[in-house]
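K.L.:
Compact mmCIF, C-alpha atoms and all ligand atoms, saved as input.txt, coming up:
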```txt
# COMPACT_ATOMS: atom_id res chain seq x y z
CA MET I 1 0.00 0.00 0.00
CA GLN I 2 1.02 3.57 -0.64
CA ASP I 3 2.63 5.34 2.32
CA VAL I 4 0.28 7.75 4.17
CA GLU I 5 2.99 10.12 5.41
CA PRO I 6 3.56 12.05 2.16
CA ILE I 7 -0.19 12.45 1.76
CA VAL I 8 -0.50 13.81 5.30
CA ALA I 9 2.42 16.18 4.71
CA ARG I 10 0.84 17.57 1.54
CA ALA I 11 -2.56 17.88 3.20
CA LEU I 12 -1.11 19.77 6.17
CA ALA I 13 0.76 22.10 3.84
CA GLU I 14 -2.38 22.82 1.80
CA PHE I 15 -4.50 23.43 4.89
CA ALA I 16 -1.93 25.84 6.25
CA ALA I 17 -1.77 27.68 2.94
CA ALA I 18 -5.54 28.02 2.48
CA PRO I 19 -6.18 31.80 2.52
CA ASP I 20 -9.91 31.62 3.34
CA PRO I 21 -12.59 29.19 4.58
CA ALA I 22 -13.74 28.24 1.05
CA SER I 23 -10.24 27.15 -0.12
CA LEU I 24 -9.77 25.28 3.14
CA GLU I 25 -12.97 23.30 2.60
CA ASN I 26 -11.85 22.54 -0.99
CA ALA I 27 -8.52 21.24 0.32
CA LYS I 28 -10.38 19.10 2.84
CA ALA I 29 -12.42 17.55 0.02
CA ARG I 30 -9.24 16.70 -1.91
CA PHE I 31 -7.96 14.56 0.98
CA LEU I 32 -10.86 13.54 3.18
CA GLY I 33 -13.79 13.85 0.76
CA LYS I 34 -15.66 10.95 -0.86
CA SER I 35 -13.08 10.74 -3.62
CA GLY I 36 -10.26 12.25 -1.59
CA GLU I 37 -6.75 10.75 -1.50
CA LEU I 38 -7.00 9.32 1.99
CA THR I 39 -10.44 7.88 1.33
CA ALA I 40 -9.12 6.22 -1.86
CA LEU I 41 -6.35 4.67 0.17
CA LEU I 42 -8.87 3.31 2.67
CA LYS I 43 -10.66 1.57 -0.21
CA THR I 44 -7.52 -0.41 -1.11
CA LEU I 45 -7.36 -2.03 2.34
CA GLY I 46 -9.58 -4.89 1.22
CA LYS I 47 -6.86 -6.24 -1.00
CA LEU I 48 -4.36 -6.59 1.85
CA ALA I 49 -3.69 -9.59 4.01
CA PRO I 50 -5.45 -9.40 7.42
CA GLU I 51 -2.26 -8.62 9.36
CA ALA I 52 -1.15 -5.84 6.99
CA ARG I 53 -4.73 -4.57 6.75
CA ARG I 54 -4.91 -3.98 10.49
CA SER I 55 -1.71 -1.93 10.71
CA ALA I 56 -2.43 -0.02 7.49
CA GLY I 57 -5.98 0.72 8.68
CA ALA I 58 -4.66 2.00 12.00
CA ALA I 59 -2.16 4.24 10.19
CA ILE I 60 -4.80 5.66 7.89
CA ASN I 61 -7.18 6.35 10.78
CA ALA I 62 -4.41 8.06 12.76
CA ALA I 63 -3.59 10.16 9.70
CA LYS I 64 -7.24 11.03 9.28
CA GLU I 65 -7.47 12.17 12.87
CA ARG I 66 -4.40 14.38 12.53
CA LEU I 67 -5.83 15.96 9.42
CA GLU I 68 -9.22 16.55 11.12
CA GLN I 69 -7.44 18.30 13.98
CA ALA I 70 -5.32 20.41 11.65
CA LEU I 71 -8.47 21.33 9.74
CA GLU I 72 -10.24 22.41 12.94
CA ARG I 73 -7.29 24.58 13.96
CA ARG I 74 -7.05 26.23 10.57
CA ARG I 75 -10.81 26.87 10.52
CA ALA I 76 -10.53 28.63 13.88
CA GLU I 77 -7.52 30.64 12.68
CA LEU I 78 -9.32 31.82 9.57
CA ALA I 79 -12.46 32.72 11.54
CA SER I 80 -10.55 34.84 14.02
CA ALA I 81 -8.52 36.47 11.25
CA ARG I 82 -11.78 37.43 9.59
CA LEU I 83 -13.15 38.84 12.84
CA GLU I 84 -9.95 40.84 13.37
CA ALA I 85 -10.25 42.26 9.88
CA ARG I 86 -13.85 43.28 10.43
CA LEU I 87 -13.10 44.88 13.76
CA ALA I 88 -10.23 46.82 12.23
CA GLU I 89 -12.46 47.98 9.40
CA GLU I 90 -15.24 49.14 11.72
CA ALA I 91 -12.94 50.71 14.24
CA LEU I 92 -14.40 53.77 15.97
CA ASP I 93 -12.30 56.83 16.35
CA VAL I 94 -13.42 57.84 19.82
CA THR I 95 -11.48 61.08 19.57
CA LEU I 96 -13.81 62.46 16.85
CA PRO I 97 -16.38 64.99 18.09
CA GLY I 98 -19.93 63.60 18.28
CA ARG I 99 -22.32 64.27 15.40
CA GLY I 100 -25.03 65.44 17.76
CA ARG I 101 -28.70 65.38 16.97
CA GLY I 102 -30.73 68.36 15.73
CA ARG I 103 -33.15 69.35 18.42
CA GLY I 104 -35.73 71.07 16.21
CA GLY I 105 -37.77 74.04 17.31
CA VAL I 106 -41.06 75.81 16.89
CA HIS I 107 -41.30 78.03 13.78
CA PRO I 108 -41.57 81.76 14.61
CA ILE I 109 -44.97 81.99 12.90
CA SER I 110 -46.21 79.05 14.96
CA ARG I 111 -44.93 80.80 18.08
CA THR I 112 -46.93 83.90 17.19
CA TRP I 113 -49.98 81.75 16.43
CA ALA I 114 -49.77 80.07 19.85
CA ARG I 115 -49.17 83.39 21.64
CA ILE I 116 -52.26 84.90 20.03
CA GLU I 117 -54.41 81.92 21.01
CA ARG I 118 -53.14 82.19 24.57
CA ILE I 119 -53.76 85.93 24.86
CA PHE I 120 -57.28 85.85 23.39
CA GLY I 121 -58.09 82.63 25.21
CA SER I 122 -57.35 84.40 28.48
CA ILE I 123 -60.08 86.99 27.77
CA GLY I 124 -62.70 84.44 26.79
CA PHE I 125 -62.29 84.10 23.02
CA ASP I 126 -62.97 80.73 21.44
CA VAL I 127 -60.56 79.47 18.73
CA ALA I 128 -61.99 78.27 15.42
CA ASP I 129 -60.50 76.63 12.35
CA GLY I 130 -61.93 76.30 8.87
CA PRO I 131 -61.24 75.34 5.26
CA GLU I 132 -58.48 76.97 3.22
CA LEU I 133 -60.27 75.95 0.02
CA GLU I 134 -63.32 78.18 0.22
CA THR I 135 -66.46 78.82 -1.76
CA ASP I 136 -67.02 82.12 -3.52
CA TRP I 137 -70.00 82.71 -1.25
CA TYR I 138 -68.12 82.53 2.06
CA ASN I 139 -64.98 84.25 0.78
CA PHE I 140 -66.78 87.13 -1.01
CA THR I 141 -70.56 87.24 -1.29
CA ALA I 142 -71.49 86.61 2.33
CA LEU I 143 -68.97 89.32 3.25
CA ASN I 144 -70.90 91.89 1.26
CA ASN I 145 -68.45 92.01 -1.64
CA PRO I 146 -70.12 93.54 -4.68
CA GLU I 147 -70.08 91.26 -7.76
CA ASN I 148 -67.54 93.51 -9.48
CA HIS I 149 -65.23 94.13 -6.52
CA PRO I 150 -61.57 94.09 -7.63
CA ALA I 151 -60.68 91.57 -4.90
CA ARG I 152 -62.50 88.98 -6.99
CA SER I 153 -60.33 89.63 -10.04
CA MET I 154 -57.91 86.98 -11.24
CA GLN I 155 -54.77 88.81 -10.11
CA ASP I 156 -55.48 88.67 -6.38
CA THR I 157 -57.19 85.35 -6.01
CA PHE I 158 -56.05 81.82 -6.64
CA TYR I 159 -58.97 80.08 -8.31
CA VAL I 160 -59.06 76.30 -8.31
CA ASP I 161 -60.26 73.90 -11.01
CA LEU I 162 -63.07 72.70 -8.76
CA LYS I 163 -66.58 74.04 -8.56
CA ASP I 164 -68.96 74.48 -5.63
CA PRO I 165 -72.52 73.05 -5.90
CA GLY I 166 -73.65 76.38 -7.44
CA GLY I 167 -71.13 76.00 -10.28
CA LEU I 168 -68.73 78.71 -9.08
CA PRO I 169 -65.01 77.92 -8.89
CA LEU I 170 -63.57 77.33 -5.42
CA VAL I 171 -60.89 79.74 -4.23
CA LEU I 172 -57.94 79.54 -1.87
CA ARG I 173 -59.32 81.85 0.81
CA THR I 174 -57.87 85.34 0.42
CA HIS I 175 -58.44 86.18 4.10
CA THR I 176 -59.71 84.55 7.29
CA SER I 177 -62.91 86.65 7.21
CA PRO I 178 -65.07 83.79 5.78
CA MET I 179 -64.57 82.22 9.23
CA GLN I 180 -66.71 85.01 10.72
CA VAL I 181 -69.64 83.70 8.70
CA ARG I 182 -68.90 80.01 9.17
CA TYR I 183 -68.54 80.38 12.93
CA ALA I 184 -71.57 82.66 13.34
CA ARG I 185 -73.82 80.25 11.45
CA MET I 186 -72.83 77.41 13.75
CA HIS I 187 -72.99 79.18 17.13
CA ARG I 188 -75.41 81.33 19.11
CA PRO I 189 -74.51 84.84 20.27
CA PRO I 190 -72.67 86.15 22.07
CA LEU I 191 -70.02 85.25 19.49
CA LYS I 192 -66.47 85.75 20.70
CA VAL I 193 -63.90 83.99 18.57
CA ILE I 194 -60.55 84.18 16.86
CA ALA I 195 -59.71 82.15 13.75
CA PRO I 196 -56.00 81.97 12.91
CA GLY I 197 -54.89 80.24 9.73
CA ARG I 198 -53.34 80.21 6.29
CA THR I 199 -54.51 82.57 3.57
CA TYR I 200 -53.50 83.01 -0.08
CA ARG I 201 -53.07 85.80 -2.61
CA VAL I 202 -51.29 86.13 -5.94
CA ASP I 203 -48.53 88.31 -4.52
CA SER I 204 -44.82 87.84 -3.88
CA ASP I 205 -42.11 90.25 -2.70
CA ALA I 206 -40.17 91.15 0.48
CA THR I 207 -43.38 91.91 2.37
CA HIS I 208 -45.84 89.59 0.56
CA SER I 209 -45.93 85.86 0.16
CA PRO I 210 -48.52 83.91 -1.88
CA MET I 211 -49.26 81.98 1.31
CA PHE I 212 -49.44 83.95 4.51
CA HIS I 213 -51.27 83.86 7.83
CA GLN I 214 -54.01 85.93 9.34
CA VAL I 215 -55.93 85.88 12.54
CA GLU I 216 -59.57 86.88 12.38
CA GLY I 217 -61.29 88.21 15.46
CA LEU I 218 -65.05 88.53 15.94
CA TRP I 219 -67.10 89.71 18.88
CA ILE I 220 -70.85 90.03 18.41
CA ASP I 221 -73.42 90.65 21.11
CA GLU I 222 -76.23 93.12 21.78
CA ASP I 223 -73.98 95.93 22.91
CA VAL I 224 -70.43 95.46 21.60
CA SER I 225 -69.07 98.82 20.47
CA PHE I 226 -66.17 100.29 18.57
CA ALA I 227 -64.73 101.29 21.95
CA ASP I 228 -64.63 97.59 22.86
CA LEU I 229 -62.68 96.91 19.68
CA LYS I 230 -60.18 99.59 20.61
CA GLY I 231 -59.83 98.30 24.18
CA VAL I 232 -59.49 94.65 23.21
CA PHE I 233 -57.03 95.33 20.41
CA ALA I 234 -54.83 97.74 22.36
CA ASP I 235 -54.68 95.27 25.23
CA PHE I 236 -53.77 92.48 22.81
CA MET I 237 -50.90 94.53 21.33
CA ARG I 238 -49.45 95.40 24.71
CA ARG I 239 -49.53 91.79 25.75
CA PHE I 240 -48.26 90.48 22.43
CA PHE I 241 -45.29 92.87 22.38
CA GLU I 242 -44.88 92.73 26.16
CA SER I 243 -44.71 96.48 26.37
CA ASP I 244 -46.89 99.27 27.73
CA ASP I 245 -45.05 101.73 25.48
CA ILE I 246 -47.31 101.14 22.50
CA GLU I 247 -49.73 103.61 21.03
CA VAL I 248 -52.63 102.42 18.90
CA ARG I 249 -54.23 104.50 16.17
CA PHE I 250 -57.35 103.86 14.11
CA ARG I 251 -57.22 105.25 10.59
CA PRO I 252 -60.43 105.41 8.50
CA SER I 253 -60.45 102.76 5.82
CA TYR I 254 -62.78 100.70 3.69
CA PHE I 255 -63.81 97.05 3.73
CA PRO I 256 -67.11 95.89 2.24
CA PHE I 257 -67.87 93.81 5.34
CA THR I 258 -67.37 96.50 8.00
CA GLU I 259 -68.94 99.92 8.49
CA PRO I 260 -67.22 101.98 9.74
CA SER I 261 -63.87 100.43 8.81
CA ALA I 262 -60.40 101.15 10.08
CA GLU I 263 -56.76 100.26 9.68
CA ILE I 264 -55.13 99.76 13.05
CA ASP I 265 -51.63 101.20 13.29
CA MET I 266 -49.27 100.94 16.18
CA LYS I 267 -46.38 103.10 17.30
CA PHE I 268 -43.48 101.83 19.35
CA ASP I 269 -42.28 104.32 21.94
CA SER I 270 -39.09 102.39 22.59
CA GLY I 271 -36.87 99.80 20.94
CA PRO I 272 -35.47 99.72 17.40
CA LEU I 273 -38.79 100.80 15.83
CA LYS I 274 -39.22 103.76 18.20
CA GLY I 275 -41.35 106.53 16.74
CA ARG I 276 -42.67 104.66 13.69
CA TRP I 277 -46.33 103.96 12.96
CA LEU I 278 -46.89 100.54 11.44
CA GLU I 279 -50.04 99.02 10.04
CA ILE I 280 -51.10 95.89 11.88
CA SER I 281 -54.68 95.00 11.10
CA GLY I 282 -57.89 95.79 9.28
CA ALA I 283 -60.94 96.12 11.48
CA GLY I 284 -64.37 97.60 11.86
CA GLN I 285 -67.93 97.26 13.03
CA VAL I 286 -69.47 94.30 11.25
CA HIS I 287 -71.74 95.48 8.41
CA PRO I 288 -75.48 94.85 8.94
CA ALA I 289 -75.65 92.89 5.66
CA VAL I 290 -72.98 90.52 7.02
CA VAL I 291 -74.76 90.18 10.36
CA ARG I 292 -77.81 89.16 8.34
CA ASN I 293 -75.69 86.51 6.59
CA PHE I 294 -74.69 85.27 10.06
CA GLY I 295 -78.40 84.43 10.38
CA LEU I 296 -78.85 87.20 12.97
CA ASP I 297 -80.99 90.33 13.18
CA PRO I 298 -78.72 93.36 12.65
CA GLU I 299 -81.22 95.51 14.61
CA ARG I 300 -80.38 93.43 17.64
CA TYR I 301 -76.83 92.19 17.18
CA ILE I 302 -73.80 94.37 16.73
CA GLY I 303 -70.07 94.00 17.15
CA PHE I 304 -66.64 94.17 15.61
CA ALA I 305 -64.23 92.13 13.56
CA PHE I 306 -60.56 92.47 12.83
CA GLY I 307 -58.06 90.65 10.61
CA ALA I 308 -54.36 90.89 11.44
CA GLY I 309 -51.33 89.46 9.63
CA LEU I 310 -49.28 86.95 11.60
CA GLU I 311 -46.14 87.55 9.52
CA ARG I 312 -46.35 91.28 10.20
CA LEU I 313 -46.77 90.75 13.93
CA THR I 314 -43.87 88.28 13.98
CA MET I 315 -41.57 90.58 11.97
CA LEU I 316 -42.24 93.45 14.36
CA ARG I 317 -41.83 91.35 17.45
CA TYR I 318 -38.46 89.93 16.39
CA GLY I 319 -37.14 92.74 14.15
CA ILE I 320 -37.20 90.71 10.92
CA ASP I 321 -37.13 92.74 7.71
CA ASP I 322 -37.82 90.17 4.98
CA LEU I 323 -40.95 88.04 5.12
CA ARG I 324 -39.50 85.44 2.72
CA LEU I 325 -37.12 84.31 5.48
CA PHE I 326 -40.08 82.60 7.15
CA PHE I 327 -40.55 80.25 4.22
CA ASP I 328 -37.01 79.64 2.88
CA GLY I 329 -36.28 76.89 5.40
CA ASP I 330 -32.80 78.31 6.09
CA LEU I 331 -31.71 76.81 9.40
CA ARG I 332 -29.32 79.69 10.13
CA PHE I 333 -32.42 81.88 10.39
CA LEU I 334 -34.77 79.39 12.03
CA ARG I 335 -32.29 78.23 14.71
CA GLN I 336 -32.42 81.67 16.29
CA PHE I 337 -35.95 80.89 17.47
CA ALA I 338 -35.33 77.36 18.73
N1 LIG B 401 -60.14 90.59 5.75
C1 LIG B 401 -59.47 91.86 5.73
C2 LIG B 401 -58.19 91.71 4.91
O1 LIG B 401 -57.74 90.63 4.66
C3 LIG B 401 -59.14 92.33 7.12
C4 LIG B 401 -60.34 92.63 7.93
C5 LIG B 401 -60.90 91.67 8.75
C6 LIG B 401 -60.92 93.90 7.91
C7 LIG B 401 -62.01 91.94 9.54
C8 LIG B 401 -62.01 94.18 8.68
C9 LIG B 401 -62.54 93.22 9.48
O2 LIG B 401 -57.58 92.70 4.51
```
In C-alpha cells, write the structure found in this file.
Ligand code: PHE
P.N.:
Amino acid sequence: MQDVEPIVARALAEFAAAPDPASLENAKARFLGKSGELTALLKTLGKLAPEARRSAGAAINAAKERLEQALERRRAELASARLEARLAEEALDVTLPGRGRGRGGVHPISRTWARIERIFGSIGFDVADGPELETDWYNFTALNNPENHPARSMQDTFYVDLKDPGGLPLVLRTHTSPMQVRYARMHRPPLKVIAPGRTYRVDSDATHSPMFHQVEGLWIDEDVSFADLKGVFADFMRRFFESDDIEVRFRPSYFPFTEPSAEIDMKFDSGPLKGRWLEISGAGQVHPAVVRNFGLDPERYIGFAFGAGLERLTMLRYGIDDLRLFFDGDLRFLRQFA
C-alpha cells in the first residue's frame, strides 16, 4: 500500500496555505472527501492480508485524525482572522467629536400663532378653524363684496379647477374673514372667537408671500361697540409685544364687510422701531348685511371684527425685515428661534 505520510504532509501544507474558509474546505475535500486521496487509500485495504490490513488501517485512521485536527485549527484561525479584519475595518475613532442630533424648534410663525391663542383665550375668546379651500360665497358674497369688486379679479385670487354646488369655482381663501360667517352660522350669540390660519393671494415680494397667515377676530353681542374693539385690540398689542409703550391709532379705511372700517396702526415708543407707525390690522364694526348673513338680526346684534397678519406681527416682534425668510427653510435663520 502507498505510504500515508507524504499524503499527510501535503494535506497539512495545503491546509496551512488556504487563505480563506472556502479554499480550506476545498482542500479538505481533496484529501478527506468521498473521492479524496485518503479515502481512496482506505478503499484499497480490502486487497491486503489481514495482518497488513490492520496496521495499514490503523495508520490511515491516525492520519485522518491528525488531518481533522489540523483542519479544525485552521478553521478557527481563519475565523478569528476574519473577525480581526472586520473589527479593524469598523474601528471607531473615539477622539472624533460627536455628530449630535438636531433638536428642532417651533417656527416663529407658529410661536406667534400660539401666543395669540393664549392671549385671546385668556379673555374668553374661542378658537376656530376652517377650510383653506373656500367657496365664492363665504370668501366674497357673504362678506358683502359687490359682484364687481376688484378683490375677486384673477390677479389677487387663486382660483381652483373645482366648482362648488352652485357652479362657481372654489378659491384659496384670500383672508380669514369667511370664518366670521362660518362660525356665526354654527354658534349662538354672544359670538367671541378668533380664527388663525393660512390665507392666499397672488402676490410675492419682500413683504408679501402667496401663502401667509391671518388671525380673524369677531365679537358680536347686543352691545359690543367700537370702543370695545379699541380696548381689546390695544390690550392684545401690549400683551403680544410685552410692552406698555405702545400707542394704537385707528385710521379710516374701507372694507365691504365692515362699516365703519379702520386700519389699526401701532407706534413703538421704545426699541429699534421707536417713533414709527406701522399698520397691523384691518378692522371695523361688522356690516349689517354681514350680520344678516350670520343668520342674525342686525337691529339686535352688533359688534366688531378684525383681521391681522401673523407675519407682520412676527416681523415686528423679532425685528425681521424680509418676510420670505419665514418660508425659505434656512436653518441659520430658524435656529435663532429654537
Ligand atoms: N379681511 C381683511 C383683509 O384681509 C381684514 C379685515 C378683517 C378687515 C375683519 C375688517 C374686518 O384685509
K.L.:
May I have the residues within 8 Å of ligand LIG 401 (chain B), computed using all atoms listed in the file, as a ChimeraX atom specification?
P.N.:
/I:174-177,214,216-218,255,257-258,261-263,281-286,304-308
K.L.:
Restricting the calculation to all atoms listed in the file, which member of I:Gly124, I:Gly275, I:Gly167, I:Pro189 is positioned closest to Val232 in chain I?
P.N.:
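Of the candidates, the smallest distance to Val232 in chain I is held by I:Gly124.
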K.L.:
Between CA of Pro210 in chain I and CA of Trp113 in chain I, what distance in Å does the model show, to one decimal?
P.N.:
18.5 Å
K.L.:
With 3 Å added on each side, what axis-aligned box encloses every listed atom of range 272-284 of chain I? Give the centre and edge lengths in Å to one decimal, as JSON.
P.N.:
```
{"center_x": -49.9, "center_y": 100.8, "center_z": 13.7, "size_x": 34.9, "size_y": 17.5, "size_z": 14.9}
```
K.L.:
Considering all atoms listed in the file, can you say which of I:Ile109, I:Met237, I:Ala27, I:Val127 comes closest to Phe337 in chain I?
P.N.:
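Of all the options, I:Ile109 lies closest to Phe337 in chain I.
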K.L.:
With all atoms listed in the file as the atoms that count, which of I:Pro50, I:Pro19, I:Gly130, I:Gly271 lies nearest to Ala195 in chain I?
P.N.:
I:Gly130
K.L.:
Excluding Arg73 in chain I and any residue of its chain fewer than 3 positions from it, enumerate the residues within 12 Å of it, using all atoms listed in the file, and give them as a list in words.
P.N.:
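Within the cut-off, the hits are Leu12, Phe15, Ala16, Pro21, Leu24, Arg66, Leu67, Glu68, Gln69, Ala70, Ala76, Glu77, Leu78, Ala79 and Ser80 of chain I.
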K.L.:
Here is a test: counting only C-alpha atoms, which residue of I:Ala88, I:Ile302, I:Leu143, I:Leu172 is nearest to Leu191 in chain I?
P.N.:
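Smallest distance to Leu191 in chain I is found for I:Ile302.
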K.L.:
Could you tell me how far CA of Arg185 in chain I sits from CA of Leu168 in chain I, in Å to one decimal place?
P.N.:
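Computing it gives 21.2 Å between the two atoms.
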